[in-house]
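Participant: Okay, so here is protein32.cif, and as you'll see once you scroll down, it has mmCIF, C-alpha atoms.
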data_run
loop_
_atom_site.label_atom_id
_atom_site.label_comp_id
_atom_site.auth_asym_id
_atom_site.auth_seq_id
_atom_site.Cartn_x
_atom_site.Cartn_y
_atom_site.Cartn_z
CA MET A 1 91.00 114.26 92.16
CA PRO A 2 91.70 115.43 95.74
CA HIS A 3 92.82 119.01 96.17
CA PRO A 4 96.42 119.62 94.97
CA GLU A 5 97.57 120.70 98.41
CA GLU A 6 96.44 117.34 99.82
CA LEU A 7 98.51 115.47 97.24
CA GLU A 8 101.49 117.78 97.57
CA ALA A 9 102.00 116.57 101.14
CA LEU A 10 102.41 112.97 99.88
CA ASP A 11 105.22 111.32 97.95
CA LEU A 12 102.45 110.08 95.66
CA PHE A 13 102.18 113.64 94.29
CA GLU A 14 105.08 113.36 91.85
CA VAL A 15 103.89 110.19 90.12
CA TRP A 16 100.26 111.33 90.12
CA THR A 17 100.99 114.67 88.50
CA GLY A 18 104.00 113.75 86.38
CA ALA A 19 103.54 110.13 85.39
CA GLU A 20 103.93 109.61 81.67
CA PRO A 21 100.81 108.32 79.92
CA LEU A 22 100.78 104.72 78.80
CA GLY A 23 100.53 105.71 75.17
CA GLY A 24 100.22 102.74 72.84
CA HIS A 25 101.55 100.02 75.15
CA PHE A 26 101.74 98.95 78.79
CA ASP A 27 105.10 97.82 80.18
CA PRO A 28 104.30 96.58 83.70
CA PHE A 29 108.00 96.27 84.53
CA ARG A 30 108.29 100.04 84.59
CA PHE A 31 107.15 101.59 87.86
CA HIS A 32 105.70 104.69 86.19
CA HIS A 33 103.68 102.57 83.76
CA ARG A 34 102.03 100.73 86.64
CA MET A 35 101.25 104.04 88.31
CA ALA A 36 99.90 105.48 85.06
CA ALA A 37 97.68 102.40 84.76
CA TYR A 38 96.34 102.99 88.27
CA ARG A 39 95.63 106.63 87.49
CA LEU A 40 93.74 105.71 84.33
CA LEU A 41 91.71 103.09 86.22
CA ILE A 42 90.91 105.56 89.02
CA ASP A 43 89.84 108.22 86.55
CA SER A 44 87.88 105.85 84.33
CA ILE A 45 85.52 104.39 86.93
CA ASN A 46 84.34 107.65 88.47
CA HIS A 47 81.53 107.95 85.96
CA ASP A 48 78.83 110.44 86.86
CA GLY A 49 80.86 111.36 89.96
CA LEU A 50 80.16 107.94 91.46
CA PHE A 51 82.93 108.36 94.05
CA GLY A 52 82.46 112.09 94.54
CA PRO A 53 83.30 115.07 92.33
CA ASP A 54 86.95 114.85 93.38
CA ASN A 55 87.04 111.01 93.20
CA ARG A 56 88.32 110.76 96.78
CA ARG A 57 86.02 107.83 97.68
CA ASN A 58 87.43 105.70 94.85
CA PRO A 59 88.44 102.31 96.33
CA LEU A 60 91.41 101.91 93.97
CA TRP A 61 93.45 104.53 95.81
CA GLY A 62 94.70 101.85 98.20
CA LEU A 63 96.47 99.96 95.41
CA MET A 64 98.30 103.09 94.31
CA PHE A 65 99.38 103.96 97.85
CA GLN A 66 100.61 100.41 98.42
CA HIS A 67 102.69 100.38 95.25
CA GLN A 68 104.24 103.73 96.14
CA TRP A 69 105.31 102.27 99.49
CA GLN A 70 106.87 99.24 97.77
CA HIS A 71 108.81 101.51 95.42
CA ARG A 72 109.92 103.91 98.14
CA THR A 73 111.23 101.14 100.40
CA GLY A 74 113.19 99.19 97.80
CA ARG A 75 110.88 96.20 97.65
CA LEU A 76 110.65 96.13 93.84
CA GLY A 77 114.22 94.97 93.28
CA ALA A 78 117.72 96.42 93.18
CA GLY A 79 117.82 99.76 91.42
CA ALA A 80 114.06 100.01 91.02
CA GLU A 81 113.80 103.22 93.01
CA GLU A 82 116.58 104.88 91.01
CA HIS A 83 115.84 103.59 87.51
CA GLY A 84 112.13 102.80 87.72
CA ARG A 85 112.57 99.22 86.54
CA ILE A 86 110.79 96.44 88.44
CA ASP A 87 112.69 93.18 88.84
CA PRO A 88 110.44 90.40 87.46
CA ASP A 89 111.97 88.07 90.05
CA ALA A 90 111.15 90.31 93.05
CA PRO A 91 108.28 88.72 95.05
CA TRP A 92 106.78 92.08 96.09
CA GLY A 93 106.93 93.16 92.46
CA TYR A 94 105.07 90.02 91.42
CA GLY A 95 102.53 90.54 94.17
CA ASN A 96 101.84 94.05 92.92
CA TYR A 97 101.73 92.76 89.34
CA THR A 98 98.74 90.64 90.27
CA LEU A 99 97.13 93.76 91.78
CA CYS A 100 97.88 96.03 88.82
CA VAL A 101 97.99 94.05 85.59
CA VAL A 102 95.29 91.56 86.60
CA PRO A 103 92.87 94.40 87.49
CA TRP A 104 93.84 96.06 84.22
CA LEU A 105 92.94 92.92 82.28
CA GLY A 106 89.63 92.78 84.14
CA ALA A 107 88.99 96.41 83.21
CA VAL A 108 89.81 95.61 79.58
CA ALA A 109 87.29 92.76 79.62
CA ALA A 110 84.67 95.09 81.14
CA GLY A 111 85.30 97.73 78.46
CA VAL A 112 86.68 100.29 80.93
CA VAL A 113 90.19 100.77 79.48
CA PRO A 114 91.73 100.06 76.06
CA ASP A 115 93.27 96.71 75.21
CA LEU A 116 96.89 97.86 75.00
CA PRO A 117 99.75 95.52 74.09
CA LEU A 118 101.21 94.19 77.33
CA ALA A 119 104.96 93.68 77.62
CA GLY A 120 106.27 90.44 79.06
CA PRO A 121 109.14 90.22 81.54
CA PRO A 122 112.53 91.42 80.26
CA SER A 123 114.32 88.42 81.79
CA PRO A 124 113.51 84.89 83.01
CA SER A 125 111.57 84.73 86.25
CA ARG A 126 110.20 82.31 88.81
CA PHE A 127 106.77 83.85 88.29
CA GLY A 128 104.24 83.60 85.47
CA TYR A 129 103.31 86.80 83.64
CA ALA A 130 100.78 87.77 80.98
CA SER A 131 101.75 89.28 77.64
CA GLY A 132 100.33 90.21 74.26
CA GLY A 133 97.08 91.97 73.51
CA GLY A 134 96.19 94.61 70.99
CA THR A 135 96.76 92.91 67.62
CA GLU A 136 98.60 89.98 69.24
CA PRO A 137 97.06 87.01 71.04
CA ARG A 138 96.71 87.60 74.77
CA ARG A 139 98.56 85.09 76.95
CA VAL A 140 97.50 84.87 80.60
CA PRO A 141 98.88 82.23 83.00
CA ALA A 142 96.18 79.76 83.99
CA GLU A 143 96.56 80.52 87.70
CA LEU A 144 95.70 84.20 87.12
CA ARG A 145 92.61 83.72 84.95
CA PRO A 146 90.09 83.26 87.81
CA ALA A 147 91.32 86.53 89.34
CA VAL A 148 90.87 88.29 85.99
CA GLY A 149 87.28 87.09 86.10
CA ASP A 150 86.79 88.49 89.61
CA TRP A 151 88.22 91.86 88.57
CA THR A 152 85.98 91.87 85.51
CA ALA A 153 83.01 91.37 87.85
CA PHE A 154 84.22 94.24 90.03
CA PHE A 155 84.53 96.68 87.14
CA THR A 156 81.20 95.57 85.68
CA LEU A 157 79.52 96.23 89.05
CA VAL A 158 81.16 99.65 89.32
CA MET A 159 80.10 100.73 85.85
CA LYS A 160 76.49 99.68 86.58
CA SER A 161 76.39 101.53 89.91
CA ARG A 162 74.95 105.01 90.32
CA PRO A 163 75.88 107.87 92.64
CA GLY A 164 74.25 107.61 96.03
CA THR A 165 74.09 103.82 96.10
CA ASP A 166 75.65 101.79 98.92
CA GLU A 167 79.35 101.47 98.16
CA GLU A 168 80.06 98.53 100.47
CA PRO A 169 79.12 95.91 97.82
CA ILE A 170 81.74 97.55 95.59
CA ARG A 171 84.36 97.26 98.33
CA LEU A 172 83.46 93.62 98.94
CA ALA A 173 83.77 92.86 95.22
CA LEU A 174 87.15 94.59 95.17
CA TRP A 175 88.42 92.58 98.11
CA LYS A 176 87.17 89.31 96.61
CA ALA A 177 89.24 90.05 93.50
CA HIS A 178 92.16 91.27 95.63
CA LYS A 179 92.15 88.04 97.62
CA ALA A 180 91.98 85.93 94.46
CA CYS A 181 95.20 87.59 93.32
CA LEU A 182 97.10 87.25 96.58
CA ASP A 183 96.02 83.63 97.00
CA VAL A 184 98.00 82.95 93.81
CA VAL A 185 100.95 84.88 95.21
CA ALA A 186 100.84 83.04 98.54
CA ASP A 187 100.74 79.66 96.79
CA ARG A 188 103.78 80.58 94.71
CA LEU A 189 105.70 81.94 97.69
CA SER A 190 105.24 78.64 99.50
CA GLU A 191 107.18 76.93 96.69
CA ILE A 192 110.20 79.21 96.32
CA GLY A 193 113.05 80.64 98.34
CA PRO A 194 113.25 84.31 99.32
CA GLY A 195 115.39 85.19 96.29
CA PRO A 196 116.63 88.77 96.57
CA TYR A 197 115.04 89.18 100.01
CA SER A 198 115.95 87.93 103.46
CA ALA A 199 113.93 85.09 104.95
CA ALA A 200 112.43 87.67 107.33
CA GLU A 201 111.18 89.82 104.44
CA GLN A 202 109.73 86.79 102.68
CA THR A 203 107.95 85.82 105.92
CA PHE A 204 106.58 89.34 106.19
CA LEU A 205 105.22 89.16 102.64
CA ARG A 206 103.60 85.76 103.27
CA GLY A 207 102.02 87.15 106.42
CA TRP A 208 100.75 90.19 104.54
CA CYS A 209 98.97 87.89 102.09
CA ARG A 210 97.19 86.33 105.07
CA MET A 211 96.37 89.71 106.59
CA VAL A 212 94.48 90.50 103.39
CA ASP A 213 91.99 87.78 104.36
CA TYR A 214 91.10 89.78 107.46
CA LEU A 215 90.75 93.01 105.46
CA TRP A 216 88.66 91.28 102.79
CA VAL A 217 86.13 89.92 105.27
CA ALA A 218 85.79 93.38 106.84
CA ALA A 219 85.43 95.26 103.52
CA TRP A 220 88.34 97.45 104.66
CA PRO A 221 87.98 100.92 103.08
CA THR A 222 90.70 101.88 100.61
CA ASP A 223 89.55 105.36 99.54
CA PHE A 224 91.82 108.42 99.61
CA ASP A 225 90.75 109.76 103.01
CA PHE A 226 90.89 106.41 104.78
CA MET A 227 94.33 105.64 103.34
CA THR A 228 95.80 109.00 104.31
CA GLU A 229 94.33 108.76 107.81
CA ASN A 230 94.97 105.08 108.54
CA GLY A 231 97.18 103.62 105.83
CA SER A 232 100.41 105.59 106.25
CA ASP A 233 103.22 105.11 108.77
CA VAL A 234 102.01 101.59 109.58
CA LEU A 235 104.46 99.51 107.49
CA PRO A 236 108.28 99.30 107.64
CA GLU A 237 110.20 101.88 105.65
CA ARG A 238 113.04 99.45 105.01
CA LEU A 239 113.49 95.86 103.94
CA LEU A 240 113.67 93.43 106.82
CA GLN A 241 117.10 91.91 107.45
CA PRO A 242 118.09 88.38 108.58
CA GLU A 243 118.52 89.45 112.19
CA ASP A 244 114.96 90.83 112.24
CA ASP A 245 113.67 87.28 112.00
CA GLU A 246 115.20 86.41 115.37
CA ARG A 247 114.84 89.51 117.56
CA GLY A 248 112.10 91.43 115.82
CA PRO A 249 112.51 94.46 113.57
CA ALA A 250 114.75 96.87 115.46
CA GLY A 251 114.96 100.58 114.77
CA LEU A 252 111.32 100.98 113.77
CA ALA A 253 108.62 103.07 115.41
CA PRO A 254 106.80 101.06 118.12
CA ASP A 255 103.51 100.88 116.19
CA VAL A 256 105.27 99.76 113.01
CA ARG A 257 107.31 97.21 114.91
CA ARG A 258 104.14 95.78 116.47
CA ASN A 259 102.45 95.62 113.06
CA VAL A 260 105.42 93.79 111.54
CA ARG A 261 105.43 91.27 114.39
CA THR A 262 101.70 90.73 113.93
CA VAL A 263 102.06 90.12 110.20
CA MET A 264 105.05 87.80 110.63
CA GLY A 265 103.13 85.95 113.34
CA LEU A 266 100.32 85.32 110.86
CA ALA A 267 102.82 83.79 108.44
CA ARG A 268 104.06 81.40 111.11
CA THR A 269 100.61 80.35 112.35
CA PRO A 270 99.82 76.71 111.48
CA ALA A 271 97.26 76.38 108.72
CA TRP A 272 94.66 74.74 110.96
CA ARG A 273 94.92 77.49 113.58
CA TYR A 274 94.89 80.22 110.97
CA GLY A 275 91.77 78.74 109.37
CA LEU A 276 90.00 78.57 112.74
CA ASN A 277 90.92 82.16 113.62
CA LEU A 278 89.75 83.40 110.24
CA TRP A 279 86.44 81.55 110.65
CA LEU A 280 85.90 83.28 113.99
CA TRP A 281 86.77 86.65 112.43
CA LYS A 282 84.22 86.03 109.68
CA ARG A 283 81.55 85.48 112.33
CA VAL A 284 82.53 88.73 114.04
CA MET A 285 82.35 90.62 110.75
CA ARG A 286 78.91 89.33 109.71
CA THR A 287 77.13 92.61 110.50
CA ARG A 288 77.54 96.11 109.13
CA ALA A 289 77.90 97.43 112.69
CA ALA A 290 80.96 95.22 113.24
CA ARG A 291 82.50 96.15 109.89
CA ASP A 292 82.06 99.82 110.73
CA GLU A 293 84.25 99.15 113.78
CA VAL A 294 86.96 97.33 111.85
CA ILE A 295 89.89 99.34 113.26
CA PRO A 296 89.12 98.75 116.97
CA MET A 297 88.10 95.15 116.20
CA LEU A 298 91.45 94.42 114.52
CA ASP A 299 93.26 96.02 117.43
CA ALA A 300 91.29 93.84 119.81
CA VAL A 301 92.29 90.70 117.88
CA PHE A 302 95.97 91.41 117.34
CA ASN A 303 96.84 93.70 120.24
CA PRO A 304 94.71 92.76 123.29
CA ASN A 305 95.43 95.06 126.21
CA PRO A 306 93.53 96.83 129.01
CA ALA A 307 92.84 99.87 126.81
CA ASN A 308 90.78 97.86 124.30
CA ARG A 309 88.88 95.75 126.83
CA GLY A 310 85.61 97.38 125.76
CA ALA A 311 86.26 96.58 122.10
CA ARG A 312 86.97 92.97 123.01
CA ARG A 313 83.62 92.74 124.83
CA ARG A 314 81.82 94.16 121.81
CA MET A 315 83.69 91.73 119.57
CA LEU A 316 82.50 88.83 121.71
CA GLY A 317 78.96 90.13 121.33
CA TYR A 318 79.31 90.22 117.54
CA LEU A 319 80.78 86.70 117.60
CA LEU A 320 77.96 85.19 119.67
CA ARG A 321 75.13 87.03 117.94
CA PRO A 322 72.69 84.50 116.35
#
Please re-express this file's structure in structure tokens.
Facilitator:
Amino acid sequence: MPHPEELEALDLFEVWTGAEPLGGHFDPFRFHHRMAAYRLLIDSINHDGLFGPDNRRNPLWGLMFQHQWQHRTGRLGAGAEEHGRIDPDAPWGYGNYTLCVVPWLGAVAAGVVPDLPLAGPPSPSRFGYASGGGTEPRRVPAELRPAVGDWTAFFTLVMKSRPGTDEEPIRLALWKAHKACLDVVADRLSEIGPGPYSAAEQTFLRGWCRMVDYLWVAAWPTDFDFMTENGSDVLPERLLQPEDDERGPAGLAPDVRRNVRTVMGLARTPAWRYGLNLWLWKRVMRTRAARDEVIPMLDAVFNPNPANRGARRRMLGYLLRP
């Protein structure tokens, strides 16, 4: 694991160092159980020091950081931050479920972690959840089964990899599985109301699901160093309110406010236009050189200005390359 002093500077430190072990069961509606599952997954796939002796290059760090942000900002339901319970009807909580429990089930299928009994939701919900396992039959909603298969492929690839090999295929496999999960979430969100959230927050979540498509194509790094350098202070530290939908998210840092507007803009983009833009982005990201420039390329796409004129020229070159 990274040096203790690096973790101590993060709010992730407490759950990383003090999270209770899963023991004989996995209750995914407890925040600390999800974090304990992430820690076990992160520890379990660093065989032979694949991601470095301190595991800092492990691509699963991004999932843990993202869940900590959801917990810290109240996106897991009323009282979740205080009591550690995740509302099964909270859309962000369901989104993270697909990126915690579904990877876990893929790791079980790949023989990476034990097949622990999985608790179902404590109350009725608009979302479908898995349950069972151990000595009981495993029940997995049909819409989540393809994503379990993609995560199984990811963990199988990781366990076959050796230190010193190119890690980009691992990142691409992770993002393929990640996208398979959030495609399910996006489809469900299109059918339901915002529930405990404002319409603005629901729009932000739908846009975030679309932003994942851009990150997937670019094999966006999600290791410890990249997340601490580029993945913090970029998302809103509060739930969006109804008035944010009309005048933009007030009271946020300028960079965060711009990011929120970008994500909400993606949610509102017509499907045909979004599909065309994503196709163009895929052409830009065809080469390793372009993917290595993912941060300036994304800035060029979503924040064109005189300062990134050079990046926009390079992006055009990547787009037109035969």
Participant: Mind pulling up the distance from atom CA of A:Gly74 to atom CA of A:Asp244?
Facilitator: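 Straight-line distance from atom CA of A:Asp244 to atom CA of A:Gly74 works out to 16.8 Å.
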Participant: Can you measure atom CA of A:Ala109 to atom CA of A:Phe224 for me? One decimal in Å is fine.
Facilitator: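 Interatomic distance here is 25.8 Å.
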Participant: I'd like to see the residues matched by the PyMOL selection byres ((chain A and resi 156) around 12) on this file, and ideally I'd get them as a list in words.
Facilitator: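 Taken over the shown coordinates, the PyMOL selection byres ((chain A and resi 156) around 12) returns Ile45, Pro103, Gly106, Ala107, Val108, Ala109, Ala110, Gly111, Val112, Gly149, Asp150, Trp151, Thr152, Ala153, Phe154, Phe155, Leu157, Val158, Met159, Lys160, Ser161, Ile170, Ala173 and Leu174 of chain A.
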Participant: Could you save the residues just selected, with C-alpha atoms, as an mmCIF file, keeping the file's coordinate frame?
Facilitator:
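Saved file result_24.cif follows:
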data_model
loop_
_atom_site.group_PDB
_atom_site.id
_atom_site.type_symbol
_atom_site.label_atom_id
_atom_site.label_comp_id
_atom_site.auth_asym_id
_atom_site.auth_seq_id
_atom_site.Cartn_x
_atom_site.Cartn_y
_atom_site.Cartn_z
ATOM 1 C CA ILE A 45 85.520 104.390 86.930
ATOM 2 C CA PRO A 103 92.870 94.400 87.490
ATOM 3 C CA GLY A 106 89.630 92.780 84.140
ATOM 4 C CA ALA A 107 88.990 96.410 83.210
ATOM 5 C CA VAL A 108 89.810 95.610 79.580
ATOM 6 C CA ALA A 109 87.290 92.760 79.620
ATOM 7 C CA ALA A 110 84.670 95.090 81.140
ATOM 8 C CA GLY A 111 85.300 97.730 78.460
ATOM 9 C CA VAL A 112 86.680 100.290 80.930
ATOM 10 C CA GLY A 149 87.280 87.090 86.100
ATOM 11 C CA ASP A 150 86.790 88.490 89.610
ATOM 12 C CA TRP A 151 88.220 91.860 88.570
ATOM 13 C CA THR A 152 85.980 91.870 85.510
ATOM 14 C CA ALA A 153 83.010 91.370 87.850
ATOM 15 C CA PHE A 154 84.220 94.240 90.030
ATOM 16 C CA PHE A 155 84.530 96.680 87.140
ATOM 17 C CA LEU A 157 79.520 96.230 89.050
ATOM 18 C CA VAL A 158 81.160 99.650 89.320
ATOM 19 C CA MET A 159 80.100 100.730 85.850
ATOM 20 C CA LYS A 160 76.490 99.680 86.580
ATOM 21 C CA SER A 161 76.390 101.530 89.910
ATOM 22 C CA ILE A 170 81.740 97.550 95.590
ATOM 23 C CA ALA A 173 83.770 92.860 95.220
ATOM 24 C CA LEU A 174 87.150 94.590 95.170
#
Participant: For stretch 113-118 of chain A, work out the shell of residues within 9 Å, counting only C-alpha atoms and skipping chain neighbours fewer than 3 positions away, then give it as JSON, numbers by chain.
Facilitator: {"A": [22, 23, 24, 25, 26, 27, 28, 40, 41, 44, 101, 104, 105, 107, 108, 109, 110, 130, 131, 132, 133, 134, 135, 136, 138]}
Participant: Could I get the residues of stretch 11-123 of chain A with an atom no further than 12 Å from an atom of stretch 188-194 of chain A, each paired with its nearest atom pair and that distance in Å to one decimal, using all atoms listed in the file, sorted by chain and residue number, as a tab-separated table?
Facilitator:
residue	atom	partner	partner_atom	distance
A:Asp89	CA	A:Pro194	CA	10.1
A:Ala90	CA	A:Pro194	CA	8.9
A:Pro91	CA	A:Leu189	CA	7.7
A:Trp92	CA	A:Leu189	CA	10.3
A:Tyr94	CA	A:Arg188	CA	10.1
A:Gly95	CA	A:Leu189	CA	9.8
Participant: Which residues would end up in the selection if the PyMOL selection byres ((chain A and resi 62) around 9) were applied here, given that I need the answer as a compact mmCIF listing (two decimals) with C-alpha atoms, in the frame of the given file?
Facilitator:
# COMPACT_ATOMS: atom_id res chain seq x y z
CA ASN A 58 87.43 105.70 94.85
CA PRO A 59 88.44 102.31 96.33
CA LEU A 60 91.41 101.91 93.97
CA TRP A 61 93.45 104.53 95.81
CA LEU A 63 96.47 99.96 95.41
CA MET A 64 98.30 103.09 94.31
CA PHE A 65 99.38 103.96 97.85
CA GLN A 66 100.61 100.41 98.42
CA HIS A 67 102.69 100.38 95.25
CA PRO A 221 87.98 100.92 103.08
CA THR A 222 90.70 101.88 100.61
CA ASP A 223 89.55 105.36 99.54
CA PHE A 224 91.82 108.42 99.61
CA PHE A 226 90.89 106.41 104.78
CA MET A 227 94.33 105.64 103.34
CA GLY A 231 97.18 103.62 105.83
Participant: Evaluating the PyMOL selection byres ((chain A and resi 52) around 12) on the displayed file yields which residues, as a PyMOL selection string?
Facilitator: chain A and resi 1-2+43+45-51+53-59+162-165+167+223-224
Participant: Restricting the calculation to only C-alpha atoms, which member of A:Trp16, A:Trp208, A:Trp175, A:Tyr38 is positioned closest to A:Cys100?
Facilitator: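 Ranked by minimum distance to A:Cys100, first place goes to A:Tyr38.
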Participant: Enter the distance from atom CA of A:Val263 to atom CA of A:Val212, in Å, rounded to one decimal.
Facilitator: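 Taking atom CA of A:Val263 as the start and atom CA of A:Val212 as the end point, the length is 10.2 Å.
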Participant: Between A:Glu293, A:Arg39, A:Gly120, A:Thr203, which one has atoms that come closest to A:Arg139, using all atoms listed in the file?
Facilitator: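 Under the stated criterion, the closest residue is A:Gly120.
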Participant: Near stretch 266-279 of chain A, within 10 Å and counting all atoms listed in the file, which residues show up once chain neighbours fewer than 4 positions away are dropped, as a list in words?
Facilitator: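 Near neighbours after the sequence-gap exclusion: Gln202, Thr203, Phe204, Leu205, Arg206, Gly207, Trp208, Cys209, Arg210, Met211, Asp213, Tyr214, Val217, Val260, Arg261, Thr262, Arg283, Val284, Met285, Val301 and Phe302 of chain A.
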Participant: Restrict the selected residues to C-alpha atoms and save them as a PDB file, in the coordinates of the input.
Facilitator:
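Below is the file result-v5.pdb, written as the result:
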ATOM      1  CA  GLN A 202     109.730  86.790 102.680  1.00  0.00           C
ATOM      2  CA  THR A 203     107.950  85.820 105.920  1.00  0.00           C
ATOM      3  CA  PHE A 204     106.580  89.340 106.190  1.00  0.00           C
ATOM      4  CA  LEU A 205     105.220  89.160 102.640  1.00  0.00           C
ATOM      5  CA  ARG A 206     103.600  85.760 103.270  1.00  0.00           C
ATOM      6  CA  GLY A 207     102.020  87.150 106.420  1.00  0.00           C
ATOM      7  CA  TRP A 208     100.750  90.190 104.540  1.00  0.00           C
ATOM      8  CA  CYS A 209      98.970  87.890 102.090  1.00  0.00           C
ATOM      9  CA  ARG A 210      97.190  86.330 105.070  1.00  0.00           C
ATOM     10  CA  MET A 211      96.370  89.710 106.590  1.00  0.00           C
ATOM     11  CA  ASP A 213      91.990  87.780 104.360  1.00  0.00           C
ATOM     12  CA  TYR A 214      91.100  89.780 107.460  1.00  0.00           C
ATOM     13  CA  VAL A 217      86.130  89.920 105.270  1.00  0.00           C
ATOM     14  CA  VAL A 260     105.420  93.790 111.540  1.00  0.00           C
ATOM     15  CA  ARG A 261     105.430  91.270 114.390  1.00  0.00           C
ATOM     16  CA  THR A 262     101.700  90.730 113.930  1.00  0.00           C
ATOM     17  CA  ARG A 283      81.550  85.480 112.330  1.00  0.00           C
ATOM     18  CA  VAL A 284      82.530  88.730 114.040  1.00  0.00           C
ATOM     19  CA  MET A 285      82.350  90.620 110.750  1.00  0.00           C
ATOM     20  CA  VAL A 301      92.290  90.700 117.880  1.00  0.00           C
ATOM     21  CA  PHE A 302      95.970  91.410 117.340  1.00  0.00           C
TER      22      PHE A 302
END
Participant: Would you please work out which residue, of A:Met35, A:Val140, A:Glu229, A:Pro322, is nearest to A:Asn96 when using all atoms listed in the file?
Facilitator: A:Met35
